[in-house]
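Colleague: So I've got this file, work-v3.txt, and it contains compact mmCIF, C-alpha atoms and all ligand atoms:
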# COMPACT_ATOMS: atom_id res chain seq x y z
CA MET Y 1 16.56 -12.86 -16.60
CA THR Y 2 16.87 -9.30 -17.94
CA ARG Y 3 14.23 -6.88 -16.73
CA PRO Y 4 12.45 -4.72 -19.30
CA THR Y 5 13.84 -1.20 -19.65
CA THR Y 6 12.02 1.31 -17.46
CA ALA Y 7 10.65 4.41 -19.18
CA ALA Y 8 10.58 7.66 -17.21
CA THR Y 9 6.77 7.49 -17.02
CA ASP Y 10 6.59 3.85 -15.84
CA GLY Y 11 5.62 3.33 -12.24
CA ILE Y 12 5.07 6.18 -9.81
CA VAL Y 13 6.89 9.47 -10.21
CA LEU Y 14 6.85 12.17 -7.52
CA THR Y 15 8.47 15.47 -8.39
CA GLY Y 16 9.03 17.96 -5.58
CA ALA Y 17 5.84 16.76 -3.86
CA CYS Y 18 4.88 18.58 -0.66
CA VAL Y 19 1.85 17.84 1.54
CA THR Y 20 0.51 20.01 4.35
CA LEU Y 21 -2.33 18.68 6.51
CA THR Y 22 -4.39 21.09 8.61
CA GLY Y 23 -1.60 23.63 8.41
CA ARG Y 24 1.15 21.15 9.29
CA PRO Y 25 3.84 20.24 6.72
CA VAL Y 26 3.90 16.43 6.58
CA LEU Y 27 5.79 15.57 3.35
CA HIS Y 28 8.60 17.81 2.17
CA ASN Y 29 9.75 18.13 -1.43
CA LEU Y 30 9.72 14.40 -2.25
CA SER Y 31 11.17 13.38 -5.62
CA LEU Y 32 11.07 9.65 -6.26
CA HIS Y 33 10.71 7.33 -9.23
CA LEU Y 34 9.25 4.04 -7.99
CA HIS Y 35 9.54 1.41 -10.69
CA GLU Y 36 11.08 -1.67 -9.06
CA GLN Y 37 8.93 -4.77 -8.54
CA ARG Y 38 9.30 -4.93 -4.74
CA ILE Y 39 9.65 -1.66 -2.86
CA GLY Y 40 9.53 -1.14 0.89
CA ILE Y 41 8.80 2.13 2.65
CA ILE Y 42 9.89 2.12 6.26
CA GLY Y 43 9.77 4.72 8.99
CA ARG Y 44 8.77 5.45 12.54
CA ASN Y 45 5.27 6.39 13.69
CA GLY Y 46 4.37 9.72 12.21
CA SER Y 47 7.18 9.76 9.63
CA GLY Y 48 4.65 10.25 6.81
CA LYS Y 49 4.28 6.73 5.37
CA SER Y 50 0.48 6.67 5.28
CA THR Y 51 0.36 10.20 3.92
CA LEU Y 52 2.73 9.15 1.13
CA MET Y 53 0.49 6.19 0.37
CA ARG Y 54 -2.59 8.40 0.22
CA LEU Y 55 -0.71 10.80 -2.05
CA MET Y 56 0.31 8.03 -4.47
CA ALA Y 57 -3.24 6.69 -4.49
CA GLY Y 58 -4.67 10.10 -5.36
CA LEU Y 59 -6.66 10.30 -2.12
CA ILE Y 60 -4.92 13.59 -1.41
CA ALA Y 61 -3.23 16.06 -3.78
CA PRO Y 62 0.19 17.65 -3.23
CA ASP Y 63 0.27 21.35 -2.28
CA HIS Y 64 3.32 21.71 -4.51
CA GLY Y 65 4.94 19.40 -7.03
CA THR Y 66 3.38 16.56 -8.99
CA VAL Y 67 2.48 12.89 -8.66
CA ARG Y 68 2.10 10.65 -11.71
CA VAL Y 69 1.09 6.99 -11.71
CA GLU Y 70 1.90 5.30 -15.02
CA GLY Y 71 1.96 8.82 -16.47
CA VAL Y 72 -1.41 10.02 -15.12
CA ASP Y 73 -2.43 12.33 -12.28
CA PRO Y 74 -4.03 9.98 -9.72
CA THR Y 75 -6.41 12.66 -8.40
CA ARG Y 76 -7.92 13.16 -11.85
CA ALA Y 77 -7.89 9.87 -13.74
CA ARG Y 78 -9.96 7.97 -11.15
CA LYS Y 79 -11.24 5.27 -13.51
CA GLN Y 80 -7.86 4.71 -15.17
CA MET Y 81 -6.29 4.50 -11.74
CA LEU Y 82 -8.27 1.35 -10.91
CA SER Y 83 -6.15 -0.60 -13.38
CA HIS Y 84 -2.93 1.20 -12.41
CA LEU Y 85 -3.01 1.05 -8.63
CA GLY Y 86 -4.71 -1.05 -5.95
CA ILE Y 87 -4.55 -0.40 -2.22
CA LEU Y 88 -4.73 -2.73 0.73
CA PHE Y 89 -5.34 -0.82 3.93
CA GLN Y 90 -4.02 -2.05 7.25
CA ASN Y 91 -7.53 -2.58 8.55
CA PRO Y 92 -9.77 -4.44 6.08
CA ASP Y 93 -12.81 -2.94 7.80
CA HIS Y 94 -11.69 0.47 6.48
CA GLN Y 95 -11.83 -0.97 2.98
CA ILE Y 96 -14.85 -3.25 2.87
CA LEU Y 97 -18.00 -1.44 1.77
CA PHE Y 98 -20.53 -4.19 1.15
CA PRO Y 99 -22.29 -6.73 3.35
CA THR Y 100 -21.55 -9.79 1.21
CA VAL Y 101 -18.39 -11.29 -0.27
CA ASP Y 102 -19.56 -11.25 -3.89
CA GLU Y 103 -20.84 -7.67 -3.74
CA GLU Y 104 -17.48 -6.60 -2.35
CA LEU Y 105 -15.55 -8.51 -5.02
CA ALA Y 106 -17.71 -7.18 -7.85
CA PHE Y 107 -17.56 -3.53 -6.81
CA GLY Y 108 -14.19 -2.63 -8.38
CA LEU Y 109 -15.10 -4.33 -11.64
CA LEU Y 110 -18.38 -2.39 -11.80
CA GLN Y 111 -16.44 0.83 -11.12
CA MET Y 112 -14.21 -0.04 -14.07
CA GLY Y 113 -17.27 -0.24 -16.28
CA VAL Y 114 -17.59 -4.03 -16.49
CA PRO Y 115 -21.29 -4.94 -17.05
CA LYS Y 116 -22.98 -6.40 -13.95
CA SER Y 117 -23.50 -9.92 -15.37
CA ASP Y 118 -19.84 -10.12 -16.51
CA ALA Y 119 -18.65 -8.87 -13.12
CA GLN Y 120 -20.73 -11.49 -11.33
CA ALA Y 121 -19.40 -14.21 -13.65
CA GLN Y 122 -15.81 -13.10 -12.99
CA VAL Y 123 -16.41 -13.16 -9.23
CA THR Y 124 -17.95 -16.63 -9.38
CA ALA Y 125 -15.05 -17.94 -11.48
CA HIS Y 126 -12.49 -16.26 -9.20
CA LEU Y 127 -13.96 -17.81 -6.06
CA ALA Y 128 -14.08 -21.22 -7.74
CA ARG Y 129 -10.45 -20.90 -8.88
CA HIS Y 130 -9.44 -20.28 -5.27
CA GLY Y 131 -11.55 -23.10 -3.86
CA ARG Y 132 -13.96 -20.69 -2.17
CA SER Y 133 -17.20 -21.14 -4.10
CA GLN Y 134 -18.94 -21.57 -0.75
CA TRP Y 135 -18.20 -17.89 -0.03
CA ARG Y 136 -20.78 -16.71 -2.59
CA GLY Y 137 -23.44 -14.72 -0.78
CA VAL Y 138 -21.66 -15.10 2.56
CA SER Y 139 -21.88 -12.16 4.95
CA VAL Y 140 -18.53 -10.37 5.39
CA ALA Y 141 -19.37 -10.03 9.10
CA THR Y 142 -18.90 -13.79 9.52
CA LEU Y 143 -15.32 -13.76 8.17
CA SER Y 144 -12.22 -13.74 10.38
CA GLN Y 145 -9.73 -10.87 10.20
CA GLY Y 146 -7.38 -12.98 8.06
CA GLN Y 147 -10.24 -13.91 5.71
CA ARG Y 148 -11.18 -10.23 5.39
CA HIS Y 149 -7.58 -9.42 4.43
CA TRP Y 150 -7.76 -12.15 1.81
CA LEU Y 151 -11.09 -10.78 0.54
CA CYS Y 152 -9.64 -7.26 0.16
CA LEU Y 153 -6.63 -8.66 -1.67
CA GLN Y 154 -8.86 -10.58 -4.09
CA ALA Y 155 -11.06 -7.52 -4.69
CA VAL Y 156 -7.90 -5.62 -5.69
CA LEU Y 157 -6.53 -8.48 -7.82
CA LEU Y 158 -9.77 -8.76 -9.78
CA MET Y 159 -9.04 -5.26 -11.12
CA GLN Y 160 -5.56 -6.43 -12.24
CA PRO Y 161 -3.70 -3.27 -11.22
CA ARG Y 162 -0.06 -2.83 -12.23
CA THR Y 163 0.91 -1.81 -8.68
CA ILE Y 164 -0.47 -2.65 -5.24
CA LEU Y 165 0.15 -0.49 -2.17
CA LEU Y 166 0.21 -2.52 1.03
CA ASP Y 167 -0.11 -0.66 4.34
CA GLU Y 168 1.28 -2.83 7.17
CA PRO Y 169 -0.22 -5.85 5.42
CA LEU Y 170 0.54 -8.39 8.15
CA ALA Y 171 -0.15 -6.31 11.27
CA GLY Y 172 -2.54 -7.86 13.78
CA LEU Y 173 -2.64 -11.30 12.13
CA ASP Y 174 -1.61 -14.58 13.73
CA LEU Y 175 1.61 -16.21 12.53
CA PRO Y 176 0.11 -18.88 10.22
CA THR Y 177 -2.09 -16.22 8.58
CA GLN Y 178 0.92 -13.92 8.20
CA THR Y 179 2.90 -16.72 6.57
CA ARG Y 180 0.09 -17.59 4.16
CA LEU Y 181 -0.56 -13.98 3.18
CA ALA Y 182 3.16 -13.26 2.79
CA ARG Y 183 3.37 -16.27 0.46
CA ALA Y 184 0.38 -14.98 -1.53
CA PHE Y 185 2.03 -11.53 -1.87
CA ALA Y 186 5.38 -13.01 -2.89
CA ALA Y 187 3.74 -14.90 -5.76
CA LEU Y 188 2.01 -11.84 -7.25
CA PRO Y 189 3.20 -10.53 -10.62
CA GLN Y 190 2.27 -6.97 -9.60
CA ARG Y 191 4.65 -4.29 -8.39
CA LEU Y 192 4.25 -4.21 -4.60
CA ILE Y 193 4.95 -1.17 -2.45
CA THR Y 194 4.88 -2.20 1.20
CA ILE Y 195 4.61 0.31 4.01
CA THR Y 196 5.76 -0.95 7.39
CA HIS Y 197 7.66 -0.38 10.64
CA ASP Y 198 9.08 -3.89 10.41
CA PRO Y 199 12.54 -4.12 8.78
CA ALA Y 200 12.50 -7.95 8.68
CA SER Y 201 9.55 -7.99 6.27
CA LEU Y 202 11.48 -5.89 3.72
CA SER Y 203 14.72 -7.90 3.46
CA GLY Y 204 13.65 -9.41 0.11
CA CYS Y 205 12.76 -6.08 -1.55
CA ASP Y 206 14.59 -4.61 -4.54
CA ARG Y 207 14.61 -1.20 -2.89
CA VAL Y 208 13.88 0.28 0.55
CA ILE Y 209 13.07 3.91 1.25
CA TRP Y 210 13.44 5.11 4.83
CA LEU Y 211 11.14 8.03 5.55
CA GLU Y 212 11.90 10.29 8.51
CA GLY Y 213 10.01 13.49 9.31
CA GLY Y 214 8.41 13.53 5.86
CA THR Y 215 11.69 13.33 3.91
CA VAL Y 216 13.86 10.49 2.62
CA ALA Y 217 16.54 9.56 5.16
CA ALA Y 218 17.95 6.72 3.01
CA ASP Y 219 17.05 5.03 -0.27
CA GLY Y 220 18.71 1.92 -1.69
CA PRO Y 221 18.98 -1.85 -1.48
CA PRO Y 222 17.73 -3.39 1.79
CA ALA Y 223 21.24 -4.53 2.77
CA GLN Y 224 22.29 -0.89 2.75
CA VAL Y 225 19.21 0.86 4.19
CA LEU Y 226 17.88 -1.59 6.80
CA PRO Y 227 21.03 -1.74 9.00
CA LEU Y 228 21.10 2.08 9.09
CA PHE Y 229 17.42 2.17 10.04
CA GLU Y 230 17.80 -0.50 12.72
CA ALA Y 231 20.85 1.18 14.24
CA GLU Y 232 18.96 4.47 14.47
CA MET Y 233 15.89 2.78 15.97
CA GLN Y 234 18.09 1.13 18.60
CA ARG Y 235 19.73 4.45 19.37
CA LEU Y 236 16.33 6.14 19.72
CA GLY Y 237 15.03 3.27 21.83
CA GLY Y 238 17.87 3.88 24.26
CA LEU Y 239 16.80 7.49 24.77
CA ASP Y 240 14.24 8.69 27.28
CA ALA Y 241 10.97 7.38 25.80
CA ASP Y 242 8.84 9.96 27.57
CA ALA Y 243 10.62 12.81 25.79
CA ASP Y 244 9.81 11.22 22.42
CA LEU Y 245 6.20 10.40 23.19
CA ALA Y 246 5.53 13.88 24.54
CA GLY Y 247 6.29 15.53 21.15
N1 LIG C 301 -5.18 15.20 9.06
C1 LIG C 301 -4.02 15.54 9.63
N2 LIG C 301 -3.80 16.78 10.12
C2 LIG C 301 -2.65 17.14 10.68
N3 LIG C 301 -1.60 16.32 10.80
C3 LIG C 301 -1.75 15.08 10.35
C4 LIG C 301 -2.95 14.60 9.75
N4 LIG C 301 -2.79 13.29 9.39
C5 LIG C 301 -1.52 12.97 9.77
N5 LIG C 301 -0.91 14.03 10.34
C6 LIG C 301 0.44 14.07 10.86
O1 LIG C 301 1.30 13.81 9.80
C7 LIG C 301 2.43 13.06 10.24
C8 LIG C 301 2.56 11.82 9.38
O2 LIG C 301 1.44 10.97 9.61
P1 LIG C 301 1.32 9.57 8.88
O3 LIG C 301 0.05 8.93 9.36
O4 LIG C 301 1.52 9.76 7.43
O5 LIG C 301 2.58 8.81 9.48
P2 LIG C 301 2.93 7.25 9.45
O6 LIG C 301 4.37 7.17 9.15
O7 LIG C 301 2.00 6.53 8.56
O8 LIG C 301 2.64 6.85 10.96
P3 LIG C 301 2.20 5.44 11.58
O9 LIG C 301 3.35 4.53 11.36
O10 LIG C 301 1.99 5.78 13.02
O11 LIG C 301 0.94 5.03 10.89
C9 LIG C 301 2.19 12.76 11.70
O12 LIG C 301 2.93 13.69 12.45
C10 LIG C 301 0.71 12.98 11.89
O13 LIG C 301 0.43 13.44 13.17
Rewrite the structure from the file as structure tokens, please.
Ligand SMILES: Nc1ncnc2c1ncn2[C@@H]1O[C@H](COP(=O)(O)OP(=O)(O)OP(=O)(O)O)[C@@H](O)[C@H]1O
Modeller:
Amino acid sequence: MTRPTTAATDGIVLTGACVTLTGRPVLHNLSLHLHEQRIGIIGRNGSGKSTLMRLMAGLIAPDHGTVRVEGVDPTRARKQMLSHLGILFQNPDHQILFPTVDEELAFGLLQMGVPKSDAQAQVTAHLARHGRSQWRGVSVATLSQGQRHWLCLQAVLLMQPRTILLDEPLAGLDLPTQTRLARAFAALPQRLITITHDPASLSGCDRVIWLEGGTVAADGPPAQVLPLFEAEMQRLGGLDADADLAG
């Protein structure tokens, strides 16, 4: 199957993007055009992955350079961004705002300007389509961690964004839940950008970007980038751990 041609404004384009947080440079002069369907961003603790995600989502602005998502500045076009980009945070409790499942699912649609009755109808139909009609009116507090992840994913999917950012999407879940969620992600038509420490979860990506100290250490197909990353992690693991953790 031939993929459609990618225009320069398709996807996410960073041009010389720099981010400083409380006086500390965290991302340095990043220039990237992210347009592939499955992209992985890998790096050690503190390499800047979450900051990059927040930058792409428009939650922070670059000090220098530009960020464009489907051609728009994500810090300005908030409403447009809802249909361009969805985010799944590592901890669903950092994402869920409402006490009940249907309120949570309807929120994004309401933000997009969908009338309340239409939003409620879409939520009801969505839950029915996924065999979860019994979740209507259910308190989020009664859901398991895996169910909360699923809820956050559905809230994002209801907005039908072109791209979804996934921050360590399988961390802290048991193996069957990981397998089920990974299967759900794999089936999505959206562009997925997955942020993780785990090389194994990125082997099926079209492209992997290894971030180190806020810059790109390697960028290419997983077969090229992941062995380099793993070799470096093994080398670092062999060093005195205390020296690393003290920094
Ligand atoms: N608000 C802040 N002020 C100052 N420095 C910050 C702030 N937030 C993050 N940092 C620093 O920026 C660097 C990158 O952090 P970031 O959370 O983006 O890394 P990460 O790759 O996502 O790490 P992890 O894998 O541990 O989540 C780290 O050195 C961190 O200490």
Colleague: What lies within 10 Å of Gly16 (chain Y) using only C-alpha atoms, ignoring chain neighbours under 4 positions off, as a ChimeraX atom specification?
Modeller: /Y:27-32,62-67
Colleague: Counting only C-alpha atoms and all ligand atoms, which residue out of Y:Gln80, Y:Thr179, Y:Gln154, Y:Thr194 sits closest to ligand LIG 301 (chain C)?
Modeller: Y:Thr194
Colleague: May I have the residues within 6 Å of region 38-51 of chain Y as a list in words, using only C-alpha atoms and disregarding those fewer than 4 positions away in the same chain?
Modeller: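 The contact residues come out as Arg191, Leu192, Ile193, Thr194, Ile195, Thr196, His197, Leu202, Cys205, Asp206, Arg207, Val208, Ile209, Trp210, Leu211, Glu212, Gly213 and Gly214 of chain Y.
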Colleague: Just checking: using all atoms listed in the file, which residue out of Y:Leu55, Y:Cys152, Y:Ala77, Y:Leu14 ends up closest to Glu103 (chain Y)?
Modeller: Y:Cys152
Colleague: Which is closer to ligand LIG 301 (chain C) than all the others in Y:Leu110, Y:Met81, Y:Ile60, Y:Ala17, using all atoms listed in the file?
Modeller: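 Of Y:Leu110, Y:Met81, Y:Ile60, Y:Ala17, the one nearest ligand LIG 301 (chain C), counting all atoms listed in the file, is Y:Ile60.
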Colleague: Name the closest residue to ligand LIG 301 (chain C) among the candidates Y:Leu228, Y:Leu173, Y:Leu166, Y:Val13; distances are taken between atoms, counting only C-alpha atoms and all ligand atoms.
Modeller: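 Among Y:Leu228, Y:Leu173, Y:Leu166, Y:Val13, it is Y:Leu166 that comes nearest to ligand LIG 301 (chain C).
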Colleague: State, in Å with one decimal place, the distance from CA of Val156 (chain Y) to CA of Phe107 (chain Y).
Modeller: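 Between CA of Val156 (chain Y) and CA of Phe107 (chain Y) the gap is 9.9 Å.
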Colleague: Just want the 10 Å neighbourhood of Met159 (chain Y), counted on all atoms listed in the file, with same-chain residues fewer than 4 positions away dropped. Output as a short mmCIF file (atom, residue, chain, number, x, y, z; two decimals) with C-alpha atoms, in the coordinates of the input.
Modeller:
data_model
loop_
_atom_site.label_atom_id
_atom_site.label_comp_id
_atom_site.auth_asym_id
_atom_site.auth_seq_id
_atom_site.Cartn_x
_atom_site.Cartn_y
_atom_site.Cartn_z
CA LEU Y 82 -8.27 1.35 -10.91
CA SER Y 83 -6.15 -0.60 -13.38
CA HIS Y 84 -2.93 1.20 -12.41
CA LEU Y 85 -3.01 1.05 -8.63
CA GLY Y 86 -4.71 -1.05 -5.95
CA LEU Y 105 -15.55 -8.51 -5.02
CA ALA Y 106 -17.71 -7.18 -7.85
CA PHE Y 107 -17.56 -3.53 -6.81
CA GLY Y 108 -14.19 -2.63 -8.38
CA LEU Y 109 -15.10 -4.33 -11.64
CA LEU Y 110 -18.38 -2.39 -11.80
CA GLN Y 111 -16.44 0.83 -11.12
CA MET Y 112 -14.21 -0.04 -14.07
CA GLN Y 154 -8.86 -10.58 -4.09
CA ALA Y 155 -11.06 -7.52 -4.69
#
Colleague: Determine the nearest neighbour of ligand LIG 301 (chain C) from the options Y:Ile12, Y:Val216, Y:Leu153, Y:Leu143, counting all atoms listed in the file.
Modeller: Y:Val216
Colleague: For a quick check of understanding, using only C-alpha atoms, which of Y:His130, Y:Leu97, Y:Val138, Y:Ser144 has the smallest distance to Ala184 (chain Y)?
Modeller: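 Smallest separation from Ala184 (chain Y) among the options: Y:His130.
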Colleague: What is the atom N4 of ligand LIG 301 (chain C)-CA of Val69 (chain Y) distance in Å, reported with one decimal?
Modeller: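 Here the two named atoms are 22.4 Å from each other.
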Colleague: What is the CA of Ser139 (chain Y) to CA of Asp118 (chain Y) distance in Å?
Modeller: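 Distance reported for this atom pair: 21.7 Å.
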Colleague: Hey, can I get the axis-aligned box for region 48-58 of chain Y? All listed atoms, 8 Å padding on each side, centre and edge lengths in Å to one decimal, as AutoDock Vina command-line options.
Modeller:
--center_x 0.0 --center_y 8.5 --center_z 0.7 --size_x 25.3 --size_y 20.6 --size_z 28.2
Colleague: Please provide the set of residues having any atom within 10 Å of Pro99 (chain Y), restricted to all atoms listed in the file, with same-chain residues fewer than 5 positions apart removed, written as a list in words.
Modeller: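 So, after excluding close chain neighbours, the residues are Glu104, Gly137, Val138, Ser139, Val140, Ala141 and Thr142 of chain Y.
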Colleague: Hey, what's within 12 Å of Pro189 (chain Y) if we count only C-alpha atoms and toss same-chain stuff fewer than 6 positions away? As a ChimeraX atom specification, please?
Modeller: /Y:36-38,157,160-164
